[in-house]
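To start, the structure itself, in structure tokens.
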Amino acid sequence: MGLKKRWKKLVYIFGIIGPGIITASAGNDAGGIATYATVGASYGYRMLWGLMLMTIGLAVIQEMNARMAVVTGKGLSDLIREKFGVKLTLFAMTILFVANFGVVLGDFAGVAASMELFGVSKYLSVPIVAFFVWILVSKGSYVKVEKVLMLFTFVFFGYIITAFLIRPDWNSVAIQAITPSFDLETGFVLTFIGLVGTTITPYMQFYLQASIVDKKLGLKDYKYEKLDVYLGSLWGNIVQFFIIVCTAATLYVAGTHIDSAAAAALALKPLAGEYAFILFGAGLFGASVLATAIIPLSTAYAVTEAFGWESGVDYSAKEAPAFFGIYTFIIVISAAMVLLPNLNLMNLILSTQQIAGVLTPVILTFMILLVNDKRIMGTYVNTLWQNAIAMITVILIVLMTVLLVVLQFMP
């Protein structure tokens, strides 16, 4: 193959890559960063092994998403409606809408908190970000939107650089990353459940499949899109790994407890220096902005597909009024709520995160049934090992959810 042909092929591959990396990066939003920072600050490196397992589960599930998208040319909620009927679809969409609204609320709160670290009022930062993400999607094409969102994935390098600035004991990190450790103490179990719940979320599944369809990728692009989702899953969990390492090597050692990502950034300042504080805070801002664009998009895709309405970034607001209406509603209302003075958002955010945790195994079960249906997938149904990993992941999340409910009633 000549140099010119190789270059063209490389450009073609890079043109396909995007949905998988963006989806996995959006999973590392403000709530996710707070969870990973808490994991490291409270338990050191003890949960890194769980993250390794979740990387495999996430990669398999995201690949199933991508495969369904390129084979059927349809989004996930579209397929759910066709196979399981309108009632079940309406049930899933209602829960998804409530859960996603709470997550976006948390991410606008993340925008506010991250900018306040640098002395910028939330009354300035939140409206600017809300307008930016709204105009980006409402006035752009899919290709332009994807390019901008890909740029925001680079902010996560800040966590990797921070970890190396801190200089942890890498031998200890490596040993505990491959050594399973578990504790039945309530705090440990709840934190581990949070780790699982923020790694695989419902909105990620809907966004990935819909964005591949919106990008008009087909079977000819499958092997490259598969590479995209594998790279995305690996990248997303590498970022999580380094966030845990950052807080484990500093806050855990110092015995400092935190309850948010912003608190983690502030606590790092005296322990790891100004640069670590700046990088961690900037990472929180970039991650929050990315999520405030992706999660409303995921919701708009899912709901409009479920009811057969026009959806897609390439449409105008006149052509797809429900799609842009849902997107606008979530951004405007959640941003406005964050700006309300003296409003405690924490209970609402935590409640909606728990709702999302309950919905995840339901959506994953739908996916497993869909991807194994030969009438839908033809010869592209799951292999035995793909089913095994997907089912183990679902069972693990169900067990964690049941355990969470049981622990609520324990002293």
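Each chain in the structure tokens gets a letter, A, B, ..., in the order shown, and its residues are numbered from 1; ligands are numbered from 1 in order too.
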(message) Env of Gly232 (chain A): 6 Å cut, atoms = only C-alpha atoms, seq-sep filter 5 positions within chain, self excluded. Answer as a PyMOL selection string.
(response) chain A and resi 20-21+24
Could you give me, as JSON lines, every region 187-231 of chain A residue with an atom at most 10 Å from region 284-304 of chain A, plus its closest atom pair and distance in Å to one decimal, counting only C-alpha atoms, rows ordered by chain then number?
```
{"residue": "A:Pro202", "atom": "CA", "partner": "A:Ser298", "partner_atom": "CA", "distance": 9.4}
{"residue": "A:Tyr203", "atom": "CA", "partner": "A:Ser298", "partner_atom": "CA", "distance": 5.8}
{"residue": "A:Met204", "atom": "CA", "partner": "A:Ser298", "partner_atom": "CA", "distance": 7.4}
{"residue": "A:Gln205", "atom": "CA", "partner": "A:Ser298", "partner_atom": "CA", "distance": 8.6}
{"residue": "A:Phe206", "atom": "CA", "partner": "A:Ser298", "partner_atom": "CA", "distance": 5.8}
{"residue": "A:Tyr207", "atom": "CA", "partner": "A:Ser298", "partner_atom": "CA", "distance": 4.4}
{"residue": "A:Leu208", "atom": "CA", "partner": "A:Ser298", "partner_atom": "CA", "distance": 8.2}
{"residue": "A:Gln209", "atom": "CA", "partner": "A:Tyr301", "partner_atom": "CA", "distance": 9.5}
{"residue": "A:Ala210", "atom": "CA", "partner": "A:Tyr301", "partner_atom": "CA", "distance": 6.3}
{"residue": "A:Ser211", "atom": "CA", "partner": "A:Tyr301", "partner_atom": "CA", "distance": 8.5}
{"residue": "A:Asp214", "atom": "CA", "partner": "A:Tyr301", "partner_atom": "CA", "distance": 9.5}
```
Could you turn the residues from that selection into a file that holds N, CA and C atoms, as a CSV table (one decimal), in the first residue's frame?
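part_29.csv written:
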```csv
chain,number,residue,atom,x,y,z
A,202,PRO,N,-26.8,4.3,32.3
A,202,PRO,CA,-27.8,4.2,31.2
A,202,PRO,C,-27.6,5.2,30.1
A,203,TYR,N,-27.3,6.4,30.5
A,203,TYR,CA,-27.2,7.5,29.4
A,203,TYR,C,-26.1,7.2,28.4
A,204,MET,N,-25.0,6.5,28.9
A,204,MET,CA,-23.9,6.2,28.0
A,204,MET,C,-24.4,5.2,26.9
A,205,GLN,N,-25.2,4.3,27.2
A,205,GLN,CA,-25.7,3.3,26.2
A,205,GLN,C,-26.5,4.0,25.2
A,206,PHE,N,-27.4,4.9,25.6
A,206,PHE,CA,-28.3,5.5,24.6
A,206,PHE,C,-27.5,6.5,23.8
A,207,TYR,N,-26.6,7.3,24.4
A,207,TYR,CA,-25.9,8.2,23.6
A,207,TYR,C,-25.0,7.6,22.5
A,208,LEU,N,-24.2,6.5,23.0
A,208,LEU,CA,-23.3,5.9,22.0
A,208,LEU,C,-24.0,5.4,20.8
A,209,GLN,N,-25.1,4.6,21.0
A,209,GLN,CA,-25.8,4.0,19.8
A,209,GLN,C,-26.4,5.1,18.9
A,210,ALA,N,-27.0,6.1,19.6
A,210,ALA,CA,-27.7,7.2,18.8
A,210,ALA,C,-26.7,8.0,18.0
A,211,SER,N,-25.5,8.3,18.6
A,211,SER,CA,-24.5,9.1,18.0
A,211,SER,C,-23.9,8.4,16.8
A,214,ASP,N,-26.5,8.7,14.1
A,214,ASP,CA,-26.5,10.1,13.7
A,214,ASP,C,-25.3,10.4,12.8
```
Report as CSV the residues of region 105-145 of chain A within 9 Å of region 338-343 of chain A, each with its shortest atom pair and distance in Å (one decimal), using only C-alpha atoms, ordered by chain and increasing residue number.
```
residue,atom,partner,partner_atom,distance
A:Leu105,CA,A:Val338,CA,6.9
A:Gly106,CA,A:Val338,CA,8.5
A:Phe108,CA,A:Val338,CA,6.7
A:Ala109,CA,A:Val338,CA,6.0
A:Ala112,CA,A:Val338,CA,8.1
A:Lys122,CA,A:Leu339,CA,7.1
A:Tyr123,CA,A:Leu339,CA,6.5
A:Val126,CA,A:Leu339,CA,7.7
A:Pro127,CA,A:Leu339,CA,8.9
```
(message) If we count only C-alpha atoms and set the cut-off at 12 Å, which residues sit around Gln62 (chain A), ignoring sequence neighbours fewer than 3 positions away in its own chain? Please answer as a VMD selection string.
(response) chain A and resid 19 to 24 54 to 59 65 to 69 76 199 to 209 212 225 to 234 364 367 to 368 371 386 390
For the residues in that selection, give me C-alpha atoms as a compact mmCIF listing (two decimals), in the first residue's frame.
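Final output, saved to selection-v7.txt:
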```
# COMPACT_ATOMS: atom_id res chain seq x y z
CA PRO A 19 -18.50 8.34 19.64
CA GLY A 20 -16.83 5.69 21.83
CA ILE A 21 -14.19 8.04 23.29
CA ILE A 22 -16.69 10.86 23.88
CA THR A 23 -19.19 8.51 25.55
CA ALA A 24 -16.66 7.00 27.96
CA MET A 54 -15.25 -2.88 35.16
CA THR A 55 -13.05 -1.87 32.20
CA ILE A 56 -13.66 -5.28 30.62
CA GLY A 57 -17.40 -5.16 31.33
CA LEU A 58 -17.70 -1.63 29.93
CA ALA A 59 -15.77 -2.51 26.75
CA ASN A 65 -24.06 -0.92 21.48
CA ALA A 66 -21.85 -0.10 18.51
CA ARG A 67 -22.66 -3.40 16.79
CA MET A 68 -26.41 -2.89 17.14
CA ALA A 69 -26.05 0.63 15.73
CA LEU A 76 -31.33 1.74 21.39
CA THR A 199 -18.51 3.38 35.43
CA ILE A 200 -21.52 1.96 33.53
CA THR A 201 -24.53 4.28 33.26
CA PRO A 202 -27.80 4.18 31.25
CA TYR A 203 -27.21 7.46 29.41
CA MET A 204 -23.90 6.18 28.01
CA GLN A 205 -25.68 3.31 26.23
CA PHE A 206 -28.32 5.54 24.64
CA TYR A 207 -25.87 8.24 23.59
CA LEU A 208 -23.31 5.90 22.03
CA GLN A 209 -25.77 4.03 19.84
CA ILE A 212 -23.23 6.25 15.72
CA GLU A 225 -15.98 1.74 15.44
CA LYS A 226 -15.18 -1.34 17.53
CA LEU A 227 -11.66 0.05 17.94
CA ASP A 228 -13.22 3.38 18.95
CA VAL A 229 -15.33 1.88 21.77
CA TYR A 230 -12.45 -0.27 23.04
CA LEU A 231 -10.14 2.77 23.10
CA GLY A 232 -12.90 4.81 24.74
CA SER A 233 -13.49 2.24 27.48
CA LEU A 234 -9.76 1.98 28.14
CA LEU A 364 -28.45 -3.81 30.01
CA MET A 367 -29.54 -4.85 25.32
CA ILE A 368 -28.55 -8.48 25.88
CA VAL A 371 -28.22 -8.24 20.58
CA GLN A 386 -19.58 -11.79 25.14
CA ALA A 390 -22.33 -9.03 29.80
```
Region 163-277 of chain A residues near region 30-37 of chain A within 7 Å, closest pair each, using only C-alpha atoms, as a Markdown table:
```
| residue | atom | partner | partner_atom | distance |
| --- | --- | --- | --- | --- |
| A:Gly194 | CA | A:Thr35 | CA | 6.5 |
| A:Leu195 | CA | A:Thr35 | CA | 6.5 |
| A:Thr198 | CA | A:Gly32 | CA | 5.5 |
| A:Gln240 | CA | A:Tyr36 | CA | 6.3 |
| A:Ile243 | CA | A:Ala37 | CA | 6.0 |
| A:Ile244 | CA | A:Tyr36 | CA | 5.4 |
| A:Thr247 | CA | A:Ala37 | CA | 5.7 |
| A:Ser260 | CA | A:Ala34 | CA | 4.8 |
| A:Ala261 | CA | A:Ala34 | CA | 4.2 |
| A:Ala264 | CA | A:Ala37 | CA | 6.6 |
```
Write the residues of the preceding selection, restricted to N, CA and C atoms, as a short mmCIF file (atom, residue, chain, number, x, y, z; two decimals), in the first residue's frame.
```
data_model
loop_
_atom_site.label_atom_id
_atom_site.label_comp_id
_atom_site.auth_asym_id
_atom_site.auth_seq_id
_atom_site.Cartn_x
_atom_site.Cartn_y
_atom_site.Cartn_z
N GLY A 194 -20.89 2.75 44.39
CA GLY A 194 -20.78 4.01 43.66
C GLY A 194 -19.79 3.91 42.52
N LEU A 195 -18.68 3.20 42.75
CA LEU A 195 -17.66 3.01 41.71
C LEU A 195 -18.24 2.25 40.52
N THR A 198 -21.01 4.45 38.61
CA THR A 198 -20.56 5.58 37.80
C THR A 198 -19.73 5.14 36.59
N GLN A 240 -10.07 7.35 35.35
CA GLN A 240 -10.57 6.99 36.68
C GLN A 240 -9.44 6.47 37.57
N ILE A 243 -7.31 9.37 38.79
CA ILE A 243 -8.00 10.19 39.79
C ILE A 243 -7.90 9.51 41.16
N ILE A 244 -8.12 8.20 41.18
CA ILE A 244 -8.01 7.44 42.44
C ILE A 244 -6.58 7.50 42.98
N THR A 247 -5.77 10.99 44.68
CA THR A 247 -6.31 11.23 46.03
C THR A 247 -5.81 10.19 47.04
N SER A 260 -16.79 15.95 47.75
CA SER A 260 -17.04 16.41 46.39
C SER A 260 -15.73 16.51 45.64
N ALA A 261 -15.81 16.66 44.31
CA ALA A 261 -14.61 16.80 43.49
C ALA A 261 -13.91 18.13 43.77
N ALA A 264 -11.91 17.88 46.81
CA ALA A 264 -10.67 17.13 46.54
C ALA A 264 -9.61 18.06 45.97
#
```
(request) Would you kindly return, as a VMD selection string, each protein, DNA or RNA residue with an atom no farther than 12 Å from any atom of Gly325 (chain A), considering only C-alpha atoms and excluding same-chain residues fewer than 4 positions away? (result) chain A and resid 134 137 to 138 296 to 297 299 to 301 303 to 304 309 to 311 316 to 321 329 to 333
